[in-house]
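Chemist: Supplied structure: entry-v9.cif, mmCIF, N, CA and C atoms.
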data_work
loop_
_atom_site.label_atom_id
_atom_site.label_comp_id
_atom_site.auth_asym_id
_atom_site.auth_seq_id
_atom_site.Cartn_x
_atom_site.Cartn_y
_atom_site.Cartn_z
N TYR Y 1 -11.52 4.30 25.56
CA TYR Y 1 -10.56 3.43 24.89
C TYR Y 1 -9.14 3.65 25.40
N GLY Y 2 -8.67 4.89 25.33
CA GLY Y 2 -7.29 5.17 25.71
C GLY Y 2 -6.97 4.75 27.14
N SER Y 3 -7.96 4.84 28.02
CA SER Y 3 -7.74 4.44 29.41
C SER Y 3 -7.68 2.92 29.57
N ASP Y 4 -8.02 2.18 28.51
CA ASP Y 4 -7.96 0.71 28.58
C ASP Y 4 -6.54 0.17 28.45
N LEU Y 5 -5.61 0.97 27.96
CA LEU Y 5 -4.23 0.51 27.78
C LEU Y 5 -3.64 -0.07 29.06
N PRO Y 6 -3.68 0.62 30.19
CA PRO Y 6 -3.11 0.02 31.40
C PRO Y 6 -3.83 -1.27 31.82
N LEU Y 7 -5.14 -1.34 31.57
CA LEU Y 7 -5.90 -2.54 31.94
C LEU Y 7 -5.46 -3.74 31.10
N VAL Y 8 -5.27 -3.52 29.81
CA VAL Y 8 -4.85 -4.61 28.93
C VAL Y 8 -3.44 -5.06 29.29
N LEU Y 9 -2.55 -4.12 29.52
CA LEU Y 9 -1.18 -4.49 29.89
C LEU Y 9 -1.15 -5.22 31.24
N ALA Y 10 -2.00 -4.80 32.18
CA ALA Y 10 -2.08 -5.49 33.47
C ALA Y 10 -2.63 -6.90 33.30
N ALA Y 11 -3.61 -7.08 32.41
CA ALA Y 11 -4.15 -8.41 32.16
C ALA Y 11 -3.08 -9.33 31.58
N ILE Y 12 -2.26 -8.81 30.68
CA ILE Y 12 -1.17 -9.61 30.11
C ILE Y 12 -0.19 -10.00 31.22
N ASP Y 13 0.15 -9.06 32.08
CA ASP Y 13 1.03 -9.36 33.22
C ASP Y 13 0.45 -10.44 34.12
N ASP Y 14 -0.85 -10.34 34.41
CA ASP Y 14 -1.50 -11.34 35.26
C ASP Y 14 -1.45 -12.73 34.64
N VAL Y 15 -1.72 -12.82 33.35
CA VAL Y 15 -1.68 -14.12 32.67
C VAL Y 15 -0.26 -14.69 32.71
N GLN Y 16 0.73 -13.83 32.51
CA GLN Y 16 2.12 -14.29 32.55
C GLN Y 16 2.51 -14.81 33.94
N LYS Y 17 1.92 -14.28 34.98
CA LYS Y 17 2.21 -14.75 36.33
C LYS Y 17 1.60 -16.12 36.60
N CYS Y 18 0.51 -16.44 35.89
CA CYS Y 18 -0.21 -17.69 36.13
C CYS Y 18 0.24 -18.83 35.21
N TYR Y 19 0.81 -18.51 34.08
CA TYR Y 19 1.16 -19.52 33.09
C TYR Y 19 2.58 -19.31 32.60
N SER Y 20 3.18 -20.37 32.14
CA SER Y 20 4.52 -20.29 31.56
C SER Y 20 4.39 -19.78 30.13
N ILE Y 21 4.63 -18.51 29.94
CA ILE Y 21 4.47 -17.86 28.64
C ILE Y 21 5.79 -17.23 28.24
N ASP Y 22 6.21 -17.50 27.01
CA ASP Y 22 7.40 -16.85 26.49
C ASP Y 22 7.05 -15.39 26.19
N PRO Y 23 7.63 -14.44 26.93
CA PRO Y 23 7.26 -13.03 26.75
C PRO Y 23 7.63 -12.48 25.37
N LYS Y 24 8.45 -13.18 24.63
CA LYS Y 24 8.83 -12.71 23.29
C LYS Y 24 7.89 -13.26 22.21
N ARG Y 25 6.88 -14.04 22.63
CA ARG Y 25 5.98 -14.67 21.65
C ARG Y 25 4.51 -14.37 21.97
N ILE Y 26 4.22 -13.13 22.31
CA ILE Y 26 2.85 -12.73 22.61
C ILE Y 26 2.27 -12.02 21.39
N LEU Y 27 1.20 -12.61 20.84
CA LEU Y 27 0.47 -12.00 19.74
C LEU Y 27 -0.70 -11.20 20.30
N LEU Y 28 -0.98 -10.08 19.71
CA LEU Y 28 -2.14 -9.28 20.10
C LEU Y 28 -3.17 -9.41 18.99
N ASN Y 29 -4.37 -9.85 19.36
CA ASN Y 29 -5.42 -10.12 18.38
C ASN Y 29 -6.64 -9.27 18.69
N GLY Y 30 -7.35 -8.85 17.65
CA GLY Y 30 -8.58 -8.11 17.87
C GLY Y 30 -9.49 -8.10 16.66
N PHE Y 31 -10.79 -8.18 16.93
CA PHE Y 31 -11.83 -8.10 15.91
C PHE Y 31 -12.66 -6.84 16.14
N SER Y 32 -12.94 -6.10 15.08
CA SER Y 32 -13.79 -4.92 15.11
C SER Y 32 -13.22 -3.88 16.09
N ALA Y 33 -13.97 -3.50 17.13
CA ALA Y 33 -13.44 -2.54 18.10
C ALA Y 33 -12.21 -3.11 18.80
N GLY Y 34 -12.16 -4.43 18.96
CA GLY Y 34 -10.97 -5.07 19.50
C GLY Y 34 -9.78 -4.91 18.58
N GLY Y 35 -10.03 -4.90 17.27
CA GLY Y 35 -8.97 -4.64 16.29
C GLY Y 35 -8.48 -3.21 16.38
N THR Y 36 -9.40 -2.29 16.64
CA THR Y 36 -9.04 -0.90 16.86
C THR Y 36 -8.08 -0.79 18.04
N MET Y 37 -8.43 -1.48 19.14
CA MET Y 37 -7.57 -1.48 20.32
C MET Y 37 -6.25 -2.19 20.05
N ALA Y 38 -6.30 -3.27 19.28
CA ALA Y 38 -5.06 -4.00 18.96
C ALA Y 38 -4.11 -3.11 18.16
N TYR Y 39 -4.64 -2.35 17.22
CA TYR Y 39 -3.79 -1.40 16.50
C TYR Y 39 -3.21 -0.37 17.46
N PHE Y 40 -4.08 0.22 18.29
CA PHE Y 40 -3.64 1.26 19.23
C PHE Y 40 -2.58 0.72 20.19
N ILE Y 41 -2.88 -0.36 20.88
CA ILE Y 41 -1.95 -0.89 21.87
C ILE Y 41 -0.73 -1.52 21.21
N GLY Y 42 -0.97 -2.30 20.16
CA GLY Y 42 0.12 -3.01 19.50
C GLY Y 42 1.15 -2.11 18.86
N LEU Y 43 0.71 -1.02 18.26
CA LEU Y 43 1.68 -0.11 17.63
C LEU Y 43 2.28 0.86 18.66
N SER Y 44 1.51 1.21 19.68
CA SER Y 44 2.05 2.07 20.74
C SER Y 44 3.12 1.36 21.55
N ARG Y 45 2.93 0.07 21.76
CA ARG Y 45 3.84 -0.75 22.58
C ARG Y 45 4.37 -1.93 21.77
N ALA Y 46 4.79 -1.67 20.55
CA ALA Y 46 5.21 -2.72 19.61
C ALA Y 46 6.33 -3.60 20.15
N GLN Y 47 7.14 -3.07 21.05
CA GLN Y 47 8.25 -3.86 21.59
C GLN Y 47 7.75 -5.01 22.47
N LEU Y 48 6.50 -4.99 22.89
CA LEU Y 48 5.97 -6.02 23.79
C LEU Y 48 5.37 -7.22 23.05
N PHE Y 49 5.15 -7.08 21.75
CA PHE Y 49 4.40 -8.10 21.01
C PHE Y 49 5.20 -8.65 19.84
N SER Y 50 4.94 -9.94 19.54
CA SER Y 50 5.60 -10.55 18.39
C SER Y 50 4.84 -10.28 17.10
N GLY Y 51 3.59 -9.90 17.18
CA GLY Y 51 2.81 -9.60 15.99
C GLY Y 51 1.40 -9.16 16.35
N LEU Y 52 0.71 -8.62 15.35
CA LEU Y 52 -0.68 -8.18 15.50
C LEU Y 52 -1.55 -8.97 14.53
N ALA Y 53 -2.65 -9.49 15.03
CA ALA Y 53 -3.64 -10.20 14.21
C ALA Y 53 -4.94 -9.40 14.30
N ILE Y 54 -5.33 -8.81 13.19
CA ILE Y 54 -6.47 -7.90 13.15
C ILE Y 54 -7.53 -8.48 12.22
N GLN Y 55 -8.79 -8.37 12.64
CA GLN Y 55 -9.90 -8.71 11.77
C GLN Y 55 -10.91 -7.57 11.79
N SER Y 56 -11.27 -7.12 10.60
CA SER Y 56 -12.38 -6.17 10.42
C SER Y 56 -12.24 -4.90 11.26
N SER Y 57 -11.15 -4.18 11.07
CA SER Y 57 -10.93 -2.90 11.72
C SER Y 57 -10.03 -2.06 10.82
N THR Y 58 -9.59 -0.91 11.30
CA THR Y 58 -8.70 -0.07 10.50
C THR Y 58 -7.64 0.58 11.38
N LEU Y 59 -6.50 0.84 10.77
CA LEU Y 59 -5.44 1.59 11.45
C LEU Y 59 -5.95 2.97 11.85
N SER Y 60 -6.73 3.61 10.99
CA SER Y 60 -7.21 4.97 11.29
C SER Y 60 -8.11 4.98 12.53
N ALA Y 61 -8.86 3.90 12.77
CA ALA Y 61 -9.68 3.82 13.98
C ALA Y 61 -8.78 3.76 15.22
N GLY Y 62 -7.69 3.00 15.12
CA GLY Y 62 -6.72 2.96 16.22
C GLY Y 62 -6.09 4.31 16.47
N GLU Y 63 -5.82 5.03 15.40
CA GLU Y 63 -5.24 6.37 15.54
C GLU Y 63 -6.24 7.34 16.13
N SER Y 64 -7.51 7.14 15.85
CA SER Y 64 -8.55 7.97 16.44
C SER Y 64 -8.57 7.79 17.96
N VAL Y 65 -8.43 6.55 18.41
CA VAL Y 65 -8.36 6.27 19.85
C VAL Y 65 -7.12 6.92 20.45
N ALA Y 66 -6.00 6.81 19.75
CA ALA Y 66 -4.73 7.36 20.26
C ALA Y 66 -4.72 8.89 20.22
N GLY Y 67 -5.49 9.47 19.32
CA GLY Y 67 -5.48 10.92 19.16
C GLY Y 67 -4.24 11.40 18.43
N ARG Y 68 -3.58 10.48 17.73
CA ARG Y 68 -2.35 10.80 17.00
C ARG Y 68 -2.06 9.68 16.00
N SER Y 69 -1.11 9.93 15.15
CA SER Y 69 -0.66 8.87 14.25
C SER Y 69 0.07 7.81 15.05
N LEU Y 70 -0.14 6.56 14.70
CA LEU Y 70 0.56 5.46 15.36
C LEU Y 70 1.84 5.07 14.61
N LEU Y 71 2.12 5.79 13.54
CA LEU Y 71 3.33 5.55 12.76
C LEU Y 71 4.21 6.79 12.79
N PRO Y 72 5.50 6.64 12.99
CA PRO Y 72 6.19 5.36 13.13
C PRO Y 72 5.95 4.74 14.50
N ALA Y 73 5.99 3.42 14.54
CA ALA Y 73 5.86 2.67 15.78
C ALA Y 73 7.26 2.48 16.39
N PRO Y 74 7.34 2.11 17.66
CA PRO Y 74 8.65 1.89 18.28
C PRO Y 74 9.50 0.82 17.59
N ARG Y 75 8.83 -0.11 16.89
CA ARG Y 75 9.54 -1.08 16.06
C ARG Y 75 8.59 -1.53 14.96
N LYS Y 76 9.16 -2.13 13.94
CA LYS Y 76 8.37 -2.62 12.81
C LYS Y 76 7.84 -4.01 13.16
N ILE Y 77 6.58 -4.06 13.55
CA ILE Y 77 5.94 -5.28 14.01
C ILE Y 77 5.14 -5.90 12.85
N PRO Y 78 5.18 -7.22 12.68
CA PRO Y 78 4.39 -7.84 11.63
C PRO Y 78 2.89 -7.79 11.94
N VAL Y 79 2.10 -7.61 10.90
CA VAL Y 79 0.65 -7.49 11.03
C VAL Y 79 -0.02 -8.43 10.04
N SER Y 80 -0.98 -9.20 10.54
CA SER Y 80 -1.86 -10.00 9.69
C SER Y 80 -3.25 -9.41 9.81
N HIS Y 81 -3.85 -9.06 8.67
CA HIS Y 81 -5.15 -8.37 8.68
C HIS Y 81 -6.10 -9.07 7.72
N PHE Y 82 -7.23 -9.55 8.24
CA PHE Y 82 -8.30 -10.12 7.43
C PHE Y 82 -9.46 -9.13 7.41
N HIS Y 83 -10.05 -8.94 6.21
CA HIS Y 83 -11.10 -7.93 6.09
C HIS Y 83 -12.09 -8.34 5.00
N GLY Y 84 -13.38 -8.22 5.31
CA GLY Y 84 -14.42 -8.51 4.32
C GLY Y 84 -14.59 -7.38 3.33
N ASP Y 85 -14.74 -7.74 2.06
CA ASP Y 85 -14.88 -6.72 1.02
C ASP Y 85 -16.24 -6.02 1.07
N GLN Y 86 -17.17 -6.54 1.87
CA GLN Y 86 -18.49 -5.93 2.00
C GLN Y 86 -18.75 -5.46 3.43
N ASP Y 87 -17.70 -5.23 4.18
CA ASP Y 87 -17.81 -4.79 5.58
C ASP Y 87 -18.42 -3.39 5.60
N GLN Y 88 -19.56 -3.26 6.26
CA GLN Y 88 -20.24 -1.96 6.37
C GLN Y 88 -19.80 -1.17 7.60
N ASN Y 89 -19.16 -1.83 8.57
CA ASN Y 89 -18.71 -1.14 9.77
C ASN Y 89 -17.35 -0.46 9.57
N PHE Y 90 -16.45 -1.17 8.93
CA PHE Y 90 -15.12 -0.65 8.59
C PHE Y 90 -14.91 -0.94 7.11
N GLN Y 91 -15.02 0.08 6.30
CA GLN Y 91 -14.91 -0.10 4.85
C GLN Y 91 -13.55 -0.69 4.47
N SER Y 92 -13.56 -1.60 3.51
CA SER Y 92 -12.31 -2.25 3.09
C SER Y 92 -11.32 -1.24 2.50
N ALA Y 93 -11.82 -0.19 1.85
CA ALA Y 93 -10.91 0.82 1.30
C ALA Y 93 -10.14 1.52 2.42
N GLY Y 94 -10.81 1.80 3.53
CA GLY Y 94 -10.14 2.40 4.68
C GLY Y 94 -9.12 1.47 5.29
N ALA Y 95 -9.47 0.18 5.35
CA ALA Y 95 -8.52 -0.80 5.88
C ALA Y 95 -7.29 -0.90 4.98
N LEU Y 96 -7.52 -0.92 3.66
CA LEU Y 96 -6.40 -1.01 2.72
C LEU Y 96 -5.51 0.22 2.80
N ASN Y 97 -6.09 1.38 3.04
CA ASN Y 97 -5.29 2.59 3.21
C ASN Y 97 -4.31 2.41 4.37
N GLY Y 98 -4.79 1.88 5.48
CA GLY Y 98 -3.93 1.62 6.63
C GLY Y 98 -2.86 0.59 6.33
N ILE Y 99 -3.23 -0.44 5.57
CA ILE Y 99 -2.27 -1.47 5.18
C ILE Y 99 -1.15 -0.84 4.36
N ASN Y 100 -1.51 0.01 3.42
CA ASN Y 100 -0.51 0.68 2.58
C ASN Y 100 0.41 1.57 3.42
N ARG Y 101 -0.16 2.24 4.41
CA ARG Y 101 0.66 3.09 5.29
C ARG Y 101 1.62 2.25 6.13
N LEU Y 102 1.13 1.12 6.65
CA LEU Y 102 1.99 0.21 7.42
C LEU Y 102 3.15 -0.29 6.56
N GLN Y 103 2.84 -0.71 5.34
CA GLN Y 103 3.89 -1.20 4.45
C GLN Y 103 4.88 -0.09 4.11
N ALA Y 104 4.39 1.11 3.86
CA ALA Y 104 5.28 2.23 3.56
C ALA Y 104 6.19 2.55 4.74
N ALA Y 105 5.72 2.27 5.96
CA ALA Y 105 6.52 2.51 7.16
C ALA Y 105 7.47 1.35 7.46
N GLY Y 106 7.45 0.31 6.61
CA GLY Y 106 8.39 -0.79 6.75
C GLY Y 106 7.90 -2.01 7.50
N HIS Y 107 6.61 -2.05 7.83
CA HIS Y 107 6.05 -3.21 8.52
C HIS Y 107 5.78 -4.34 7.52
N LEU Y 108 6.03 -5.56 7.93
CA LEU Y 108 5.64 -6.72 7.15
C LEU Y 108 4.15 -6.92 7.37
N VAL Y 109 3.38 -6.93 6.29
CA VAL Y 109 1.93 -7.03 6.41
C VAL Y 109 1.42 -8.19 5.56
N PHE Y 110 0.56 -8.99 6.17
CA PHE Y 110 -0.16 -10.05 5.47
C PHE Y 110 -1.60 -9.55 5.34
N TRP Y 111 -2.01 -9.21 4.13
CA TRP Y 111 -3.33 -8.61 3.87
C TRP Y 111 -4.21 -9.64 3.19
N HIS Y 112 -5.40 -9.85 3.76
CA HIS Y 112 -6.34 -10.84 3.22
C HIS Y 112 -7.72 -10.20 3.09
N LEU Y 113 -8.13 -9.94 1.88
CA LEU Y 113 -9.46 -9.42 1.60
C LEU Y 113 -10.33 -10.61 1.20
N PHE Y 114 -11.41 -10.86 1.96
CA PHE Y 114 -12.25 -12.00 1.63
C PHE Y 114 -13.65 -11.53 1.23
N ASN Y 115 -14.37 -12.40 0.57
CA ASN Y 115 -15.73 -12.11 0.14
C ASN Y 115 -16.65 -12.25 1.35
N GLY Y 116 -17.11 -11.13 1.87
CA GLY Y 116 -17.98 -11.18 3.03
C GLY Y 116 -18.05 -9.84 3.72
N GLY Y 117 -18.75 -9.85 4.86
CA GLY Y 117 -18.99 -8.63 5.59
C GLY Y 117 -18.15 -8.51 6.85
N HIS Y 118 -18.75 -7.91 7.84
CA HIS Y 118 -18.09 -7.62 9.11
C HIS Y 118 -18.11 -8.88 9.96
N SER Y 119 -17.06 -9.67 9.84
CA SER Y 119 -17.04 -10.95 10.53
C SER Y 119 -15.61 -11.39 10.80
N ALA Y 120 -15.51 -12.31 11.74
CA ALA Y 120 -14.24 -12.98 12.04
C ALA Y 120 -14.51 -14.47 11.94
N ARG Y 121 -13.63 -15.18 11.26
CA ARG Y 121 -13.83 -16.61 11.05
C ARG Y 121 -12.70 -17.38 11.71
N ALA Y 122 -13.04 -18.52 12.31
CA ALA Y 122 -12.05 -19.33 13.03
C ALA Y 122 -10.89 -19.72 12.12
N ALA Y 123 -11.17 -20.10 10.90
CA ALA Y 123 -10.11 -20.50 9.97
C ALA Y 123 -9.14 -19.36 9.71
N ASP Y 124 -9.66 -18.14 9.66
CA ASP Y 124 -8.79 -16.98 9.44
C ASP Y 124 -7.88 -16.75 10.65
N ALA Y 125 -8.43 -16.90 11.86
CA ALA Y 125 -7.61 -16.75 13.07
C ALA Y 125 -6.49 -17.77 13.09
N LEU Y 126 -6.78 -18.99 12.68
CA LEU Y 126 -5.74 -20.02 12.62
C LEU Y 126 -4.69 -19.67 11.57
N ALA Y 127 -5.14 -19.13 10.44
CA ALA Y 127 -4.20 -18.71 9.40
C ALA Y 127 -3.30 -17.58 9.91
N GLN Y 128 -3.86 -16.67 10.68
CA GLN Y 128 -3.07 -15.58 11.24
C GLN Y 128 -2.01 -16.12 12.20
N PHE Y 129 -2.41 -17.06 13.03
CA PHE Y 129 -1.44 -17.68 13.94
C PHE Y 129 -0.30 -18.31 13.13
N ASP Y 130 -0.63 -19.03 12.06
CA ASP Y 130 0.41 -19.64 11.23
C ASP Y 130 1.33 -18.60 10.61
N GLU Y 131 0.76 -17.48 10.17
CA GLU Y 131 1.59 -16.43 9.55
C GLU Y 131 2.53 -15.78 10.56
N LEU Y 132 2.08 -15.63 11.79
CA LEU Y 132 2.84 -14.85 12.77
C LEU Y 132 3.62 -15.67 13.77
N LYS Y 133 3.45 -16.99 13.79
CA LYS Y 133 4.06 -17.81 14.83
C LYS Y 133 5.58 -17.83 14.81
N GLY Y 134 6.20 -17.50 13.71
CA GLY Y 134 7.66 -17.52 13.63
C GLY Y 134 8.34 -16.24 14.07
N PHE Y 135 7.57 -15.23 14.44
CA PHE Y 135 8.13 -13.94 14.82
C PHE Y 135 8.25 -13.83 16.33
N THR Y 136 9.19 -13.01 16.78
CA THR Y 136 9.35 -12.76 18.22
C THR Y 136 9.50 -11.27 18.47
N ALA Y 137 9.16 -10.88 19.69
CA ALA Y 137 9.40 -9.51 20.13
C ALA Y 137 10.88 -9.38 20.46
N PRO Y 138 11.39 -8.15 20.47
CA PRO Y 138 12.81 -7.97 20.77
C PRO Y 138 13.19 -8.40 22.20
#
Translate the structure of the given file into structure tokens.
Modeler:
Amino acid sequence: YGSDLPLVLAAIDDVQKCYSIDPKRILLNGFSAGGTMAYFIGLSRAQLFSGLAIQSSTLSAGESVAGRSLLPAPRKIPVSHFHGDQDQNFQSAGALNGINRLQAAGHLVFWHLFNGGHSARAADALAQFDELKGFTAP
């Protein structure tokens, strides 16, 4: 996991070279293990992203990848997190613990607990985009 950081950052650079992308409006999104990586990369390099969109993961999983606490982050980045109340892979109580820690550290957090399991839904991804689209990276 930790060795994936340079690969992800290189992929973002490659996409920026091919398309006209506002570098201050890049959202980092992840579901499950991708959410773990989004927490790890997004909080480690918070200055690069306008927001984090997470589904069905936990801050503590991202910290496990990092081998350290991800708080405080280099900046207070907004986070939208959707999580099923019956998720057996990442318990909702663990996700809520991370949400509370993010809020205590001063991050703006949009927390959505839905009736369901370990899943990502298209409507939720669109809602996350709507919540985070007004934010920019420094």
Chemist: What is the distance between atom N of Y:Leu52 and atom C of Y:Ala122, in Å to one decimal?
Modeler: 16.4 Å
Chemist: What is the distance between atom N of Y:Ser80 and atom CA of Y:Gln16, in Å to one decimal?
Modeler: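 A separation of 22.8 Å between them.
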Chemist: Atom CA of Y:Ala61 and atom CA of Y:Thr36, how far apart in Å?
Modeler: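 Answer for the atom CA of Y:Thr36 to atom CA of Y:Ala61 separation: 5.6 Å.
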Chemist: Wanna dump the stretch 10-108 of chain Y-stretch 126-138 of chain Y contacts at 7 Å for me, each residue with its shortest atom pair and the distance in Å to one decimal, counting all atoms listed in the file, ordered by chain and number, as a tab-separated table?
Modeler:
residue	atom	partner	partner_atom	distance
Y:Pro23	C	Y:Ala137	N	6.1
Y:Lys24	C	Y:Ala137	N	3.7
Y:Arg25	N	Y:Ala137	N	4.9
Y:Ile26	N	Y:Ala137	N	6.0
Y:Ala46	C	Y:Ala137	CA	6.7
Y:Gln47	C	Y:Pro138	N	5.2
Y:Leu48	C	Y:Ala137	CA	5.5
Y:Phe49	C	Y:Ala137	CA	4.3
Y:Ser50	CA	Y:Ala137	N	3.8
Y:Gly51	N	Y:Phe135	C	6.2
Y:Ala53	CA	Y:Gln128	CA	6.2
Y:Ser80	CA	Y:Gln128	CA	5.9
Chemist: With distances taken over only C-alpha atoms, which residue among Y:Asp87, Y:Leu71, Y:Ala125, Y:Val79 lies nearest Y:Ala104?
Modeler: Y:Leu71
Chemist: Apply DSSP to the backbone of this structure and, from chain Y, keep only the residues in helix (DSSP H, G or I); write these as number ranges by chain.
Modeler: Y: 4-18, 33-44, 46-48, 59-66, 92-104, 122-132
Chemist: For this structure, which residues satisfy the selection - the PyMOL selection byres ((chain Y and resi 40) around 8) - when it is evaluated on the file as given? I want them as a list in words.
Modeler: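 For this structure, the PyMOL selection byres ((chain Y and resi 40) around 8) resolves to Leu5, Gly34, Gly35, Thr36, Met37, Ala38, Tyr39, Ile41, Gly42, Leu43, Ser44, Arg45, Ala46, Thr58, Leu59, Ala61, Gly62, Glu63, Ser64, Val65, Ala66 and Leu70 of chain Y.
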Chemist: For each of Y:Cys18, Y:Ile99, Y:Ile54, Y:Leu113, take the minimum atom-to-atom distance to Y:His81, counting only C-alpha atoms, then give the residue where this is smallest.
Modeler: Y:Ile54
Chemist: Which residue gives the smallest distance to Y:Ser119 among Y:Ser32, Y:Ser69, Y:Ser92, Y:Ser20, with only C-alpha atoms counted?
Modeler: Y:Ser32
Chemist: Find the spatial neighbours of Y:Gly98, counting only N, CA and C atoms, within a cut-off of 6 Å - ignore same-chain residues fewer than 4 positions away - and output them as a VMD selection string.
Modeler: chain Y and resid 59 to 60 94 102 to 103
Chemist: On this structure, the PyMOL selection byres (((chain Y and resi 74-76 and name CA) around 6) and name CA) would catch which residues? List them as number ranges by chain, sorted by chain and number.
Modeler: Y: 46, 73, 77, 107
Chemist: Because some atoms of stretch 70-77 of chain Y are absent here, can you restore all heavy atoms and send them as a short mmCIF file (atom, residue, chain, number, x, y, z; two decimals), in the frame of the given file?
Modeler:
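Below is the file rebuild-v5.cif, written as the result:
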data_model
loop_
_atom_site.label_atom_id
_atom_site.label_comp_id
_atom_site.auth_asym_id
_atom_site.auth_seq_id
_atom_site.Cartn_x
_atom_site.Cartn_y
_atom_site.Cartn_z
N LEU Y 70 -0.14 6.56 14.70
CA LEU Y 70 0.56 5.46 15.36
C LEU Y 70 1.84 5.07 14.61
O LEU Y 70 2.56 4.17 15.03
CB LEU Y 70 -0.37 4.25 15.47
CG LEU Y 70 -1.55 4.46 16.41
CD1 LEU Y 70 -2.53 3.31 16.30
CD2 LEU Y 70 -1.08 4.65 17.85
N LEU Y 71 2.12 5.79 13.54
CA LEU Y 71 3.33 5.55 12.76
C LEU Y 71 4.21 6.79 12.79
O LEU Y 71 3.70 7.90 12.67
CB LEU Y 71 2.98 5.19 11.31
CG LEU Y 71 2.13 3.93 11.16
CD1 LEU Y 71 1.70 3.77 9.71
CD2 LEU Y 71 2.88 2.71 11.64
N PRO Y 72 5.50 6.64 12.99
CA PRO Y 72 6.19 5.36 13.13
C PRO Y 72 5.95 4.74 14.50
O PRO Y 72 5.74 5.45 15.49
CB PRO Y 72 7.67 5.73 12.95
CG PRO Y 72 7.76 7.16 13.39
CD PRO Y 72 6.43 7.78 13.05
N ALA Y 73 5.99 3.42 14.54
CA ALA Y 73 5.86 2.67 15.78
C ALA Y 73 7.26 2.48 16.39
O ALA Y 73 8.26 2.65 15.69
CB ALA Y 73 5.22 1.32 15.50
N PRO Y 74 7.34 2.11 17.66
CA PRO Y 74 8.65 1.89 18.28
C PRO Y 74 9.50 0.82 17.59
O PRO Y 74 10.71 0.83 17.69
CB PRO Y 74 8.30 1.45 19.71
CG PRO Y 74 6.94 1.98 19.96
CD PRO Y 74 6.25 1.98 18.63
N ARG Y 75 8.83 -0.11 16.89
CA ARG Y 75 9.54 -1.08 16.06
C ARG Y 75 8.59 -1.53 14.96
O ARG Y 75 7.39 -1.36 15.04
CB ARG Y 75 10.07 -2.26 16.86
CG ARG Y 75 9.05 -3.30 17.21
CD ARG Y 75 9.68 -4.51 17.89
NE ARG Y 75 8.73 -5.58 18.06
CZ ARG Y 75 8.56 -6.60 17.23
NH1 ARG Y 75 9.31 -6.72 16.16
NH2 ARG Y 75 7.65 -7.52 17.48
N LYS Y 76 9.16 -2.13 13.94
CA LYS Y 76 8.37 -2.62 12.81
C LYS Y 76 7.84 -4.01 13.16
O LYS Y 76 8.54 -4.99 13.09
CB LYS Y 76 9.21 -2.62 11.54
CG LYS Y 76 9.53 -1.20 11.11
CD LYS Y 76 10.57 -1.16 10.02
CE LYS Y 76 10.93 0.23 9.59
NZ LYS Y 76 10.95 1.28 10.55
N ILE Y 77 6.58 -4.06 13.55
CA ILE Y 77 5.94 -5.28 14.01
C ILE Y 77 5.14 -5.90 12.85
O ILE Y 77 4.51 -5.17 12.08
CB ILE Y 77 5.03 -4.97 15.23
CG1 ILE Y 77 4.47 -6.23 15.84
CG2 ILE Y 77 3.95 -3.99 14.88
CD1 ILE Y 77 3.77 -6.00 17.18
#
